[in-house]
2 protein chains.
Amino acid sequence: MTPITIYDIAKEANVSVSTVSRVLNDTAPVRASTREKVMAIIEKHQFQPNALARSLIKKETGTIAIILPDITNPFFPEVFWGAENEARDKGYTFFLCNTGGDHSRESEYLTILREKRVDGIIFLGGRINLQHCPEEMAQELIEAGKHLPIVLVNGNIAKSGLHRIYTDEAAGAVLATQHLLDLGHREIAFVGGLKEMATTMVKVKAIQKMLKEHGLEIPKERLLLGDFSIDSGKEQMARLLEQQNPPTAVICVNDYTAIGAIKATIEHGLSIPGDISIVGYDDTPLASAVIPELTTVSQNTYQLGKLAVDVLHDLIGGGKTKKQTALQPELIVRQSTGPARR
Amino acid sequence: MTPITIYDIAKEANVSVSTVSRVLNDTAPVRASTREKVMAIIEKHQFQPNALARSLIKKETGTIAIILPDITNPFFPEVFWGAENEARDKGYTFFLCNTGGDHSRESEYLTILREKRVDGIIFLGGRINLQHCPEEMAQELIEAGKHLPIVLVNGNIAKSGLHRIYTDEAAGAVLATQHLLDLGHREIAFVGGLKEMATTMVKVKAIQKMLKEHGLEIPKERLLLGDFSIDSGKEQMARLLEQQNPPTAVICVNDYTAIGAIKATIEHGLSIPGDISIVGYDDTPLASAVIPELTTVSQNTYQLGKLAVDVLHDLIGGGKTKKQTALQPELIVRQSTGPARR
DNA sequence: CTGAAAGCGCTAACAT
DNA sequence: ATGTTAGCGCTTTCAG
């Protein structure tokens with residue numbers, strides 16, 4: 001059980017440690033016969049070189065990390081999947097750091113990961129998605145970025161110089177709005193999302209702007225924020241339906257809230273899309289699981305993760321890459337939207 | 001940008017490296033004044049000790065890993081969440097290794113993780129959930145288990161001596177069956193799941209056994225396996241409904257297939273639970289998101305993850321722990337089940 | 001093609 | 001209370 005080292009192998013093979021190292025890494029020519037001899041002994045003992053020792057010298061660990069708010073929200077596993085797949089191909093192993101949306105935990109992880117000498121970090125959501133990220137938190141990331149590659153996904157730190165990948169959420173909101181307009185909807189509401197988060201307000205603003213161009217608007221009483229949960233969507237939608245003059249369509253901040261909205265609507269005895277059209281956002285697996293299937297905006301989640309790793313990898317390799325990479329969202333029309341009732 | 005070391009700190013503070021190490025780890029008394037002096041310099045340079053070097057000596061990395069099939073299946077993030085939460089409290093960081101159900105990738109990760117000297121591994125699903133795990137694969141795990149702590153979650157390798165945590169799936173299936181029996185159902189079907197997986201067959205057998213005690217059975221034509229996806233559930237359910245004499249209730253291998261079953265049922269113009277009752281398994285967030293809300297069996301997912309880490313932690317600490325820990329499943333009655341139509 | 005030796009950055013005796 | 005020194009297990013010159 002005493003962990004076997006390269007020295008043990010060397011001794012047993014009557015060669016020097018450097019020779020063993022060479023066959024291990026194929027870093028210099030070794031005579032075929034000695035190579036085989038060494039290999040045999042390695043096999044025999046199931047020898048596993050200690051990656052820590054190697055990393056200590058080579059100054060690279062083959063490890064990257066992703067810091068994200070909530071892996072139980074189906075949006076994130078999807079991104080992770082894209083990222084991990086790409087990372088494995090490139091020889092990295094992934095630390096997954098779940099913060100629960102707690103910014104202080106983000107800070108803790110930032111420290112730990114630097115100590116563990118990860119080769120790079122993907123920072124997804126959290127503080128970088130705040131409407132106003134406190135200077136101190138921003139500084140922390142910028143500081144970290146000086147010591148190791150970081151790529152921000154779906155968020156930003158103004159003039160941090162940090163690389164980022166994101167989907168154009170304003171464009172996505174416009175897509176959804178246009179879709180509803182085309183269906184003849186004029187009475188549109190917005191439901192869900194924390195007002196402190198950019199992901200919420202970017203959409204709201206984009207929708208407002210577009211509506212304005214058509215002489216329309218979302219009045220205050222039809223702009224009901226909350227958080228990103230199913231319950232929140234349900235709650236806000238219920239409030240909407242109790243109003244004198246309910247909207248004919250509602251855009252939700254994400255699929256979770258949209259599902260909540262669907263539930264509230266059905267409980268009120270209304271039909272979708274007969275009475276009310278509902279649009280989600282993210283195109284998580286939930287969207288097609290629910291009945292009626294949800295019309296939603298796809299963020300190209302898998303691609304988001306994949307690209308983040310690509311950029312990070314370039315950065316780690318010391319290469320130059322585009323600072324900004326924007327992905328275009330796509331409207332996925334399913335069953336939850338239809339012509340406006342009139 | 002040249003990474004600063006404990007030596008740099010020592011020199012600047014006019015002390016030895018051991019003193020710096022001592023203030024860093026609080027491993028021996030240091031005069032208050034020198035401690036402050038050293039601390040100041042550490043702060044000033046934002047010095048982060050190199051965890052690789054430390055781990056090399058201490059033979060522990062503060063890192064554990066979880067190997068699982070598919071993080072995009074909502075069951076797994078839930079387990080991960082429980083595990084990660086507990087792990088962070090205990091000072092561990094988590095590698096997440098997603099195998100996509102590919103057993104060779106499981107092997108690859110096993111090797112990589114051992115090289116990286118993780119303190120322990122949680123192995124969730126995959127080969128350990130096979131009805132007949134090939135000897136070679138089993139051996140690989142057993143071998144790994146000799147070198148580092150491993151805990152198996154929801155699966156097993158016969159007489160491997162490996163520790164494991166699991167929910168009693170047979171008991172869960174019995175719960176579901178009893179529930180349907182109580183509601184007066186006699187014509188019961190089973191849908192979904194790969195027949196190679198224990199998670200499927202354990203349930204099937206438990207249900208058959210129980211039905212037999214009541215003079216009932218699931219005839220061959222009502223036992224429609226497939227895989228674990230929504231589509232599969234939908235497909236099998238459709239086949240069921242085309243039969244001469246459709247069942248009045250169906251138990252699905254998991255929530256995903258149950259949702260597929262719901263969709264197929266509704267598309268056939270039948271009502272749930274009016275015409276047909278449907279039971280899922282896992283109680284993923286999906287279960288309460290769907291309409292009608294799904295009656296399902298909870299595996300206590302969060303707890304599963306938490307306990308896995310607890311046991312792993314004990315193992316790492318060299319302590320003795322129970323080899324087997326079984327969690328009792330719980331029936332969650334929602335809206336998708338009701339009295340048998342007659 | 002192969003060996004000897006000097007580290008990588010840190011901890012842990014062992015001295016003082 | 002603090003310094004000196006020998007490793008941890010590996011890679012990498014530098015010689016041969």
# chains A, B, ... in the order shown; residues from 1 in each chain; ligands from 1

$ select_by_dssp --residues "region 11-197 of chain B" --states "alpha helix (DSSP H)" --output "number ranges by chain"
B: 11-13, 17-25, 32-45, 51-58, 75-89, 103-115, 135-147, 169-182

$ interface_residues --of "chain B" --to "chain A" --cutoff "6 Å" --atoms "only C-alpha atoms" --output "JSON, numbers by chain"
{"B": [48, 49, 50, 51, 52, 71, 72, 77, 78, 94, 95, 96, 115, 116, 290]}

$ residues_around --residues "Arg164 (chain A)" --least-positions-apart "4" --cutoff "12 Å" --atoms "only C-alpha atoms (C1' of nucleotides)" --output "PyMOL selection string"
chain A and resi 121-125+128+149-160+304-305+307-312+315+321-327

$ select_by_dssp --residues "region 79-277 of chain A" --states "strand (DSSP E)" --output "ChimeraX atom specification"
/A:93-98,120-124,150-153,163-167,188-191,223-224,249-252,277

$ write_last_selection --atoms "C-alpha atoms" --output "mmCIF file, in the first residue's frame"
data_model
loop_
_atom_site.group_PDB
_atom_site.id
_atom_site.type_symbol
_atom_site.label_atom_id
_atom_site.label_comp_id
_atom_site.auth_asym_id
_atom_site.auth_seq_id
_atom_site.Cartn_x
_atom_site.Cartn_y
_atom_site.Cartn_z
ATOM 1 C CA THR A 93 -10.501 17.852 -15.629
ATOM 2 C CA PHE A 94 -13.217 20.054 -14.220
ATOM 3 C CA PHE A 95 -13.791 21.511 -10.781
ATOM 4 C CA LEU A 96 -17.438 22.378 -10.331
ATOM 5 C CA CYS A 97 -17.993 25.156 -7.831
ATOM 6 C CA ASN A 98 -21.604 25.737 -6.910
ATOM 7 C CA GLY A 120 -8.114 28.664 -15.768
ATOM 8 C CA ILE A 121 -11.556 29.594 -14.531
ATOM 9 C CA ILE A 122 -14.934 29.947 -16.190
ATOM 10 C CA PHE A 123 -17.143 32.318 -14.269
ATOM 11 C CA LEU A 124 -20.796 31.885 -15.084
ATOM 12 C CA ILE A 150 -10.615 33.775 -16.695
ATOM 13 C CA VAL A 151 -13.547 33.809 -19.038
ATOM 14 C CA LEU A 152 -16.873 35.280 -18.117
ATOM 15 C CA VAL A 153 -20.002 33.640 -19.419
ATOM 16 C CA HIS A 163 -12.666 37.744 -21.978
ATOM 17 C CA ARG A 164 -16.281 36.833 -22.284
ATOM 18 C CA ILE A 165 -18.838 34.706 -24.079
ATOM 19 C CA TYR A 166 -22.477 35.572 -23.996
ATOM 20 C CA THR A 167 -25.742 35.265 -25.798
ATOM 21 C CA ILE A 188 -48.067 42.174 -23.203
ATOM 22 C CA ALA A 189 -46.710 41.557 -19.723
ATOM 23 C CA PHE A 190 -43.342 40.558 -18.319
ATOM 24 C CA VAL A 191 -42.962 38.139 -15.452
ATOM 25 C CA LEU A 223 -44.150 44.340 -15.102
ATOM 26 C CA LEU A 224 -44.012 41.882 -12.251
ATOM 27 C CA ALA A 249 -49.481 37.444 -23.726
ATOM 28 C CA VAL A 250 -46.624 37.262 -21.254
ATOM 29 C CA ILE A 251 -42.912 36.969 -21.663
ATOM 30 C CA CYS A 252 -41.129 35.275 -18.770
ATOM 31 C CA SER A 277 -49.813 33.133 -24.835
#

$ interface_residues --of "chain D" --to "chain B" --cutoff "10 Å" --atoms "only C-alpha atoms (C1' of nucleotides)" --output "PyMOL selection string"
chain D and resi 1-4+7-9

$ interface_residues --of "chain C" --to "chain B" --cutoff "10 Å" --atoms "only C-alpha atoms (C1' of nucleotides)" --output "list in words"
DC8, DG9, DC10, DT11 and DA12 of chain C

$ closest_residue --among "B:Glu135, B:Glu330, B:Asp314, B:Glu235" --to "Lys90 (chain B)" --atoms "only C-alpha atoms"
B:Asp314

$ residues_around --residues "Ala170 (chain B)" --least-positions-apart "2" --cutoff "12 Å" --atoms "only C-alpha atoms (C1' of nucleotides)" --output "compact mmCIF listing (two decimals) with all heavy atoms, in the first residue's frame"
# COMPACT_ATOMS: atom_id res chain seq x y z
N TYR B 166 -27.46 3.89 -0.78
CA TYR B 166 -28.46 3.69 -1.82
C TYR B 166 -29.85 3.83 -1.25
O TYR B 166 -30.08 3.69 -0.05
CB TYR B 166 -28.31 2.29 -2.44
CG TYR B 166 -28.48 1.17 -1.45
CD1 TYR B 166 -29.68 0.49 -1.30
CD2 TYR B 166 -27.42 0.81 -0.61
CE1 TYR B 166 -29.84 -0.52 -0.38
CE2 TYR B 166 -27.56 -0.19 0.33
CZ TYR B 166 -28.77 -0.85 0.44
OH TYR B 166 -28.91 -1.83 1.38
N THR B 167 -30.78 4.12 -2.14
CA THR B 167 -32.17 4.11 -1.71
C THR B 167 -32.72 2.75 -2.09
O THR B 167 -32.36 2.18 -3.10
CB THR B 167 -32.99 5.19 -2.41
OG1 THR B 167 -32.75 5.13 -3.80
CG2 THR B 167 -32.63 6.55 -1.89
N ASP B 168 -33.59 2.27 -1.28
CA ASP B 168 -34.18 0.96 -1.50
C ASP B 168 -35.21 1.07 -2.62
O ASP B 168 -36.37 1.39 -2.39
CB ASP B 168 -34.82 0.50 -0.20
CG ASP B 168 -35.26 -0.95 -0.28
OD1 ASP B 168 -35.51 -1.42 -1.41
OD2 ASP B 168 -35.38 -1.58 0.77
N GLY B 172 -39.40 1.38 -2.90
CA GLY B 172 -40.06 2.48 -3.60
C GLY B 172 -41.09 1.96 -4.59
O GLY B 172 -42.21 2.49 -4.69
N ALA B 173 -40.71 0.91 -5.28
CA ALA B 173 -41.63 0.33 -6.26
C ALA B 173 -42.86 -0.24 -5.55
O ALA B 173 -43.99 -0.13 -6.03
CB ALA B 173 -40.92 -0.75 -7.06
N VAL B 174 -42.61 -0.83 -4.40
CA VAL B 174 -43.72 -1.39 -3.62
C VAL B 174 -44.68 -0.28 -3.18
O VAL B 174 -45.90 -0.41 -3.27
CB VAL B 174 -43.17 -2.15 -2.38
CG1 VAL B 174 -44.27 -2.39 -1.37
CG2 VAL B 174 -42.53 -3.44 -2.82
N LEU B 175 -44.10 0.82 -2.74
CA LEU B 175 -44.91 1.97 -2.34
C LEU B 175 -45.84 2.40 -3.48
O LEU B 175 -47.04 2.63 -3.29
CB LEU B 175 -43.96 3.13 -2.01
CG LEU B 175 -43.81 3.64 -0.58
CD1 LEU B 175 -43.99 2.54 0.44
CD2 LEU B 175 -42.46 4.33 -0.41
N ALA B 176 -45.25 2.52 -4.66
CA ALA B 176 -46.04 2.96 -5.81
C ALA B 176 -47.14 1.95 -6.13
O ALA B 176 -48.29 2.32 -6.39
CB ALA B 176 -45.12 3.15 -7.01
N THR B 177 -46.76 0.69 -6.09
CA THR B 177 -47.72 -0.36 -6.41
C THR B 177 -48.88 -0.37 -5.40
O THR B 177 -50.05 -0.45 -5.77
CB THR B 177 -47.03 -1.74 -6.41
OG1 THR B 177 -45.84 -1.65 -7.20
CG2 THR B 177 -47.94 -2.81 -6.98
N ALA B 198 -29.89 -2.23 -13.27
CA ALA B 198 -30.52 -2.73 -12.05
C ALA B 198 -31.67 -1.82 -11.65
O ALA B 198 -32.72 -2.28 -11.18
CB ALA B 198 -29.50 -2.81 -10.94
N THR B 199 -31.50 -0.54 -11.86
CA THR B 199 -32.53 0.42 -11.46
C THR B 199 -33.86 0.11 -12.13
O THR B 199 -34.94 0.39 -11.58
CB THR B 199 -32.07 1.86 -11.79
OG1 THR B 199 -32.73 2.76 -10.93
CG2 THR B 199 -32.31 2.23 -13.24
N THR B 200 -33.80 -0.51 -13.29
CA THR B 200 -35.01 -0.91 -13.99
C THR B 200 -35.54 -2.23 -13.44
O THR B 200 -36.69 -2.32 -13.00
CB THR B 200 -34.71 -1.11 -15.50
OG1 THR B 200 -34.07 0.05 -16.01
CG2 THR B 200 -35.99 -1.39 -16.26
N MET B 201 -34.69 -3.22 -13.45
CA MET B 201 -35.15 -4.57 -13.12
C MET B 201 -35.50 -4.77 -11.66
O MET B 201 -36.39 -5.56 -11.33
CB MET B 201 -34.11 -5.59 -13.59
CG MET B 201 -33.89 -5.56 -15.11
SD MET B 201 -35.43 -5.42 -16.08
CE MET B 201 -36.17 -7.02 -15.74
N VAL B 202 -34.83 -4.06 -10.79
CA VAL B 202 -35.18 -4.16 -9.37
C VAL B 202 -36.63 -3.73 -9.17
O VAL B 202 -37.39 -4.37 -8.46
CB VAL B 202 -34.25 -3.28 -8.51
CG1 VAL B 202 -34.85 -3.05 -7.13
CG2 VAL B 202 -32.88 -3.92 -8.40
N LYS B 203 -36.99 -2.66 -9.85
CA LYS B 203 -38.37 -2.19 -9.73
C LYS B 203 -39.34 -3.19 -10.32
O LYS B 203 -40.36 -3.54 -9.71
CB LYS B 203 -38.51 -0.83 -10.43
CG LYS B 203 -37.87 0.32 -9.67
CD LYS B 203 -37.82 1.59 -10.52
CE LYS B 203 -36.90 2.61 -9.88
NZ LYS B 203 -36.33 3.55 -10.85
N VAL B 204 -39.04 -3.63 -11.52
CA VAL B 204 -39.93 -4.57 -12.19
C VAL B 204 -40.18 -5.79 -11.31
O VAL B 204 -41.32 -6.21 -11.09
CB VAL B 204 -39.34 -5.01 -13.54
CG1 VAL B 204 -40.13 -6.17 -14.12
CG2 VAL B 204 -39.34 -3.84 -14.51
N LYS B 205 -39.11 -6.33 -10.78
CA LYS B 205 -39.25 -7.54 -9.96
C LYS B 205 -40.07 -7.28 -8.70
O LYS B 205 -40.92 -8.09 -8.32
CB LYS B 205 -37.88 -8.09 -9.59
CG LYS B 205 -37.23 -8.82 -10.75
CD LYS B 205 -35.78 -9.19 -10.45
CE LYS B 205 -35.08 -9.68 -11.71
NZ LYS B 205 -33.61 -9.61 -11.58
N ALA B 206 -39.80 -6.14 -8.08
CA ALA B 206 -40.53 -5.83 -6.85
C ALA B 206 -42.02 -5.68 -7.13
O ALA B 206 -42.87 -6.14 -6.36
CB ALA B 206 -39.97 -4.55 -6.23
N ILE B 207 -42.31 -5.06 -8.25
CA ILE B 207 -43.73 -4.87 -8.59
C ILE B 207 -44.39 -6.21 -8.90
O ILE B 207 -45.48 -6.51 -8.40
CB ILE B 207 -43.87 -3.93 -9.82
CG1 ILE B 207 -43.33 -2.54 -9.48
CG2 ILE B 207 -45.33 -3.83 -10.25
CD1 ILE B 207 -43.16 -1.62 -10.68
N GLN B 208 -43.73 -7.01 -9.69
CA GLN B 208 -44.27 -8.33 -10.04
C GLN B 208 -44.55 -9.14 -8.78
O GLN B 208 -45.60 -9.75 -8.64
CB GLN B 208 -43.26 -9.10 -10.92
CG GLN B 208 -43.08 -8.54 -12.32
CD GLN B 208 -44.22 -8.90 -13.27
OE1 GLN B 208 -45.37 -9.04 -12.86
NE2 GLN B 208 -43.91 -9.01 -14.56
N LYS B 209 -43.57 -9.11 -7.89
CA LYS B 209 -43.71 -9.89 -6.67
C LYS B 209 -44.94 -9.46 -5.88
O LYS B 209 -45.76 -10.27 -5.44
CB LYS B 209 -42.45 -9.72 -5.82
CG LYS B 209 -42.49 -10.40 -4.46
CD LYS B 209 -41.08 -10.71 -3.97
CE LYS B 209 -41.09 -11.31 -2.56
NZ LYS B 209 -40.93 -10.28 -1.52
N MET B 210 -45.07 -8.17 -5.76
CA MET B 210 -46.19 -7.66 -4.98
C MET B 210 -47.53 -7.97 -5.64
O MET B 210 -48.49 -8.36 -4.96
CB MET B 210 -46.05 -6.16 -4.84
CG MET B 210 -47.23 -5.54 -4.15
SD MET B 210 -46.76 -4.14 -3.19
CE MET B 210 -48.10 -4.11 -2.00
N VAL B 253 -40.27 4.14 -14.95
CA VAL B 253 -38.97 3.91 -14.33
C VAL B 253 -38.39 5.17 -13.71
O VAL B 253 -37.63 5.10 -12.74
CB VAL B 253 -37.99 3.29 -15.35
CG1 VAL B 253 -37.53 4.33 -16.36
CG2 VAL B 253 -36.80 2.66 -14.65
N TYR B 281 -40.82 8.32 -10.86
CA TYR B 281 -39.84 7.88 -9.87
C TYR B 281 -38.68 8.86 -9.86
O TYR B 281 -38.15 9.21 -10.92
CB TYR B 281 -39.33 6.48 -10.20
CG TYR B 281 -38.87 5.71 -8.98
CD1 TYR B 281 -39.64 4.68 -8.43
CD2 TYR B 281 -37.66 6.03 -8.34
CE1 TYR B 281 -39.22 3.98 -7.31
CE2 TYR B 281 -37.24 5.34 -7.22
CZ TYR B 281 -38.02 4.31 -6.70
OH TYR B 281 -37.61 3.64 -5.58
N VAL B 297 -42.03 8.78 -6.64
CA VAL B 297 -41.35 8.28 -5.46
C VAL B 297 -40.07 9.09 -5.24
O VAL B 297 -39.24 9.19 -6.13
CB VAL B 297 -40.99 6.79 -5.62
CG1 VAL B 297 -40.21 6.29 -4.41
CG2 VAL B 297 -42.25 5.96 -5.82
N GLN B 299 -36.46 9.82 -3.82
CA GLN B 299 -35.29 9.06 -3.40
C GLN B 299 -34.50 9.80 -2.34
O GLN B 299 -33.41 9.36 -1.97
CB GLN B 299 -34.35 8.84 -4.59
CG GLN B 299 -34.92 8.04 -5.70
CD GLN B 299 -33.84 7.16 -6.29
OE1 GLN B 299 -33.06 6.55 -5.58
NE2 GLN B 299 -33.80 7.10 -7.60
N ALA B 326 -28.77 2.41 3.70
CA ALA B 326 -29.94 2.44 2.83
C ALA B 326 -30.86 3.57 3.24
O ALA B 326 -31.11 3.79 4.42
CB ALA B 326 -30.68 1.11 2.91
N LEU B 327 -31.32 4.30 2.27
CA LEU B 327 -32.30 5.36 2.53
C LEU B 327 -33.67 4.86 2.14
O LEU B 327 -33.82 4.16 1.14
CB LEU B 327 -31.97 6.61 1.73
CG LEU B 327 -30.72 7.37 2.15
CD1 LEU B 327 -30.54 8.61 1.29
CD2 LEU B 327 -30.86 7.77 3.61
N GLN B 328 -34.66 5.22 2.92
CA GLN B 328 -36.01 4.79 2.58
C GLN B 328 -36.66 5.79 1.62
O GLN B 328 -36.62 7.00 1.84
CB GLN B 328 -36.86 4.65 3.84
CG GLN B 328 -36.49 3.44 4.67
CD GLN B 328 -36.31 2.18 3.82
OE1 GLN B 328 -37.18 1.80 3.06
NE2 GLN B 328 -35.15 1.54 3.93
N PRO B 329 -37.22 5.29 0.56
CA PRO B 329 -37.92 6.15 -0.39
C PRO B 329 -39.27 6.57 0.19
O PRO B 329 -39.71 6.02 1.19
CB PRO B 329 -38.12 5.25 -1.59
CG PRO B 329 -38.16 3.88 -1.02
CD PRO B 329 -37.24 3.89 0.15
N GLU B 330 -39.86 7.53 -0.47
CA GLU B 330 -41.10 8.10 0.06
C GLU B 330 -42.05 8.36 -1.10
O GLU B 330 -41.63 8.89 -2.14
CB GLU B 330 -40.73 9.42 0.74
CG GLU B 330 -41.75 10.01 1.65
CD GLU B 330 -41.22 11.35 2.17
OE1 GLU B 330 -40.01 11.58 2.09
OE2 GLU B 330 -42.04 12.16 2.63

$ atom_distance --atom1 "CA of His185 (chain A)" --atom2 "CA of Gln243 (chain A)"
17.6 Å

$ decode --residues "region 86-169 of chain A" --atoms "C-alpha atoms" --output "PDB file, in the first residue's frame"
ATOM      1  CA  GLU A  86     -14.804  20.109 -24.887  1.00  0.00           C
ATOM      2  CA  ALA A  87     -12.504  20.202 -21.879  1.00  0.00           C
ATOM      3  CA  ARG A  88     -12.045  16.469 -21.766  1.00  0.00           C
ATOM      4  CA  ASP A  89     -10.993  16.439 -25.382  1.00  0.00           C
ATOM      5  CA  LYS A  90      -8.370  18.992 -24.535  1.00  0.00           C
ATOM      6  CA  GLY A  91      -7.138  17.031 -21.549  1.00  0.00           C
ATOM      7  CA  TYR A  92      -8.641  18.987 -18.691  1.00  0.00           C
ATOM      8  CA  THR A  93     -10.501  17.852 -15.629  1.00  0.00           C
ATOM      9  CA  PHE A  94     -13.217  20.054 -14.220  1.00  0.00           C
ATOM     10  CA  PHE A  95     -13.791  21.511 -10.781  1.00  0.00           C
ATOM     11  CA  LEU A  96     -17.438  22.378 -10.331  1.00  0.00           C
ATOM     12  CA  CYS A  97     -17.993  25.156  -7.831  1.00  0.00           C
ATOM     13  CA  ASN A  98     -21.604  25.737  -6.910  1.00  0.00           C
ATOM     14  CA  THR A  99     -22.134  28.984  -5.063  1.00  0.00           C
ATOM     15  CA  GLY A 100     -25.854  28.980  -4.439  1.00  0.00           C
ATOM     16  CA  GLY A 101     -25.772  32.575  -5.598  1.00  0.00           C
ATOM     17  CA  ASP A 102     -23.733  33.540  -2.571  1.00  0.00           C
ATOM     18  CA  HIS A 103     -21.143  36.084  -3.598  1.00  0.00           C
ATOM     19  CA  SER A 104     -18.917  35.418  -0.630  1.00  0.00           C
ATOM     20  CA  ARG A 105     -18.711  31.804  -1.703  1.00  0.00           C
ATOM     21  CA  GLU A 106     -17.616  32.989  -5.110  1.00  0.00           C
ATOM     22  CA  SER A 107     -14.765  34.763  -3.391  1.00  0.00           C
ATOM     23  CA  GLU A 108     -13.821  31.708  -1.367  1.00  0.00           C
ATOM     24  CA  TYR A 109     -13.683  29.580  -4.460  1.00  0.00           C
ATOM     25  CA  LEU A 110     -11.611  32.143  -6.277  1.00  0.00           C
ATOM     26  CA  THR A 111      -9.004  31.863  -3.540  1.00  0.00           C
ATOM     27  CA  ILE A 112      -9.068  28.086  -3.274  1.00  0.00           C
ATOM     28  CA  LEU A 113      -8.828  27.614  -7.002  1.00  0.00           C
ATOM     29  CA  ARG A 114      -5.843  29.869  -7.272  1.00  0.00           C
ATOM     30  CA  GLU A 115      -4.134  27.973  -4.481  1.00  0.00           C
ATOM     31  CA  LYS A 116      -4.843  24.741  -6.255  1.00  0.00           C
ATOM     32  CA  ARG A 117      -3.282  26.265  -9.324  1.00  0.00           C
ATOM     33  CA  VAL A 118      -6.068  25.563 -11.772  1.00  0.00           C
ATOM     34  CA  ASP A 119      -5.091  26.446 -15.301  1.00  0.00           C
ATOM     35  CA  GLY A 120      -8.114  28.664 -15.768  1.00  0.00           C
ATOM     36  CA  ILE A 121     -11.556  29.594 -14.531  1.00  0.00           C
ATOM     37  CA  ILE A 122     -14.934  29.947 -16.190  1.00  0.00           C
ATOM     38  CA  PHE A 123     -17.143  32.318 -14.269  1.00  0.00           C
ATOM     39  CA  LEU A 124     -20.796  31.885 -15.084  1.00  0.00           C
ATOM     40  CA  GLY A 125     -23.536  34.137 -13.759  1.00  0.00           C
ATOM     41  CA  GLY A 126     -23.412  35.342 -10.177  1.00  0.00           C
ATOM     42  CA  ARG A 127     -21.810  38.715  -9.499  1.00  0.00           C
ATOM     43  CA  ILE A 128     -20.957  39.285 -13.135  1.00  0.00           C
ATOM     44  CA  ASN A 129     -24.630  39.298 -13.926  1.00  0.00           C
ATOM     45  CA  LEU A 130     -25.442  41.976 -11.394  1.00  0.00           C
ATOM     46  CA  GLN A 131     -26.851  45.234 -12.706  1.00  0.00           C
ATOM     47  CA  HIS A 132     -24.349  47.021 -10.507  1.00  0.00           C
ATOM     48  CA  CYS A 133     -21.480  44.850  -9.429  1.00  0.00           C
ATOM     49  CA  PRO A 134     -19.868  46.372  -6.317  1.00  0.00           C
ATOM     50  CA  GLU A 135     -16.412  47.725  -7.027  1.00  0.00           C
ATOM     51  CA  GLU A 136     -14.794  45.421  -4.514  1.00  0.00           C
ATOM     52  CA  MET A 137     -16.215  42.275  -6.061  1.00  0.00           C
ATOM     53  CA  ALA A 138     -15.287  43.461  -9.515  1.00  0.00           C
ATOM     54  CA  GLN A 139     -11.782  44.210  -8.346  1.00  0.00           C
ATOM     55  CA  GLU A 140     -11.415  40.739  -6.929  1.00  0.00           C
ATOM     56  CA  LEU A 141     -12.107  39.209 -10.309  1.00  0.00           C
ATOM     57  CA  ILE A 142      -9.877  41.622 -12.127  1.00  0.00           C
ATOM     58  CA  GLU A 143      -7.084  40.864  -9.687  1.00  0.00           C
ATOM     59  CA  ALA A 144      -7.548  37.133 -10.154  1.00  0.00           C
ATOM     60  CA  GLY A 145      -7.544  37.680 -13.882  1.00  0.00           C
ATOM     61  CA  LYS A 146      -4.030  39.013 -13.636  1.00  0.00           C
ATOM     62  CA  HIS A 147      -2.817  35.719 -12.277  1.00  0.00           C
ATOM     63  CA  LEU A 148      -4.683  33.204 -14.366  1.00  0.00           C
ATOM     64  CA  PRO A 149      -6.977  33.062 -17.388  1.00  0.00           C
ATOM     65  CA  ILE A 150     -10.615  33.775 -16.695  1.00  0.00           C
ATOM     66  CA  VAL A 151     -13.547  33.809 -19.038  1.00  0.00           C
ATOM     67  CA  LEU A 152     -16.873  35.280 -18.117  1.00  0.00           C
ATOM     68  CA  VAL A 153     -20.002  33.640 -19.419  1.00  0.00           C
ATOM     69  CA  ASN A 154     -23.278  35.514 -19.656  1.00  0.00           C
ATOM     70  CA  GLY A 155     -22.232  38.511 -17.684  1.00  0.00           C
ATOM     71  CA  ASN A 156     -19.625  41.189 -17.623  1.00  0.00           C
ATOM     72  CA  ILE A 157     -17.390  43.350 -15.514  1.00  0.00           C
ATOM     73  CA  ALA A 158     -17.183  46.728 -17.160  1.00  0.00           C
ATOM     74  CA  LYS A 159     -13.743  47.577 -18.516  1.00  0.00           C
ATOM     75  CA  SER A 160     -12.131  44.660 -16.765  1.00  0.00           C
ATOM     76  CA  GLY A 161     -10.470  43.515 -19.939  1.00  0.00           C
ATOM     77  CA  LEU A 162     -11.687  40.015 -19.101  1.00  0.00           C
ATOM     78  CA  HIS A 163     -12.666  37.744 -21.978  1.00  0.00           C
ATOM     79  CA  ARG A 164     -16.281  36.833 -22.284  1.00  0.00           C
ATOM     80  CA  ILE A 165     -18.838  34.706 -24.079  1.00  0.00           C
ATOM     81  CA  TYR A 166     -22.477  35.572 -23.996  1.00  0.00           C
ATOM     82  CA  THR A 167     -25.742  35.265 -25.798  1.00  0.00           C
ATOM     83  CA  ASP A 168     -27.334  38.478 -26.880  1.00  0.00           C
ATOM     84  CA  GLU A 169     -30.238  38.528 -24.458  1.00  0.00           C
TER      85      GLU A 169
END
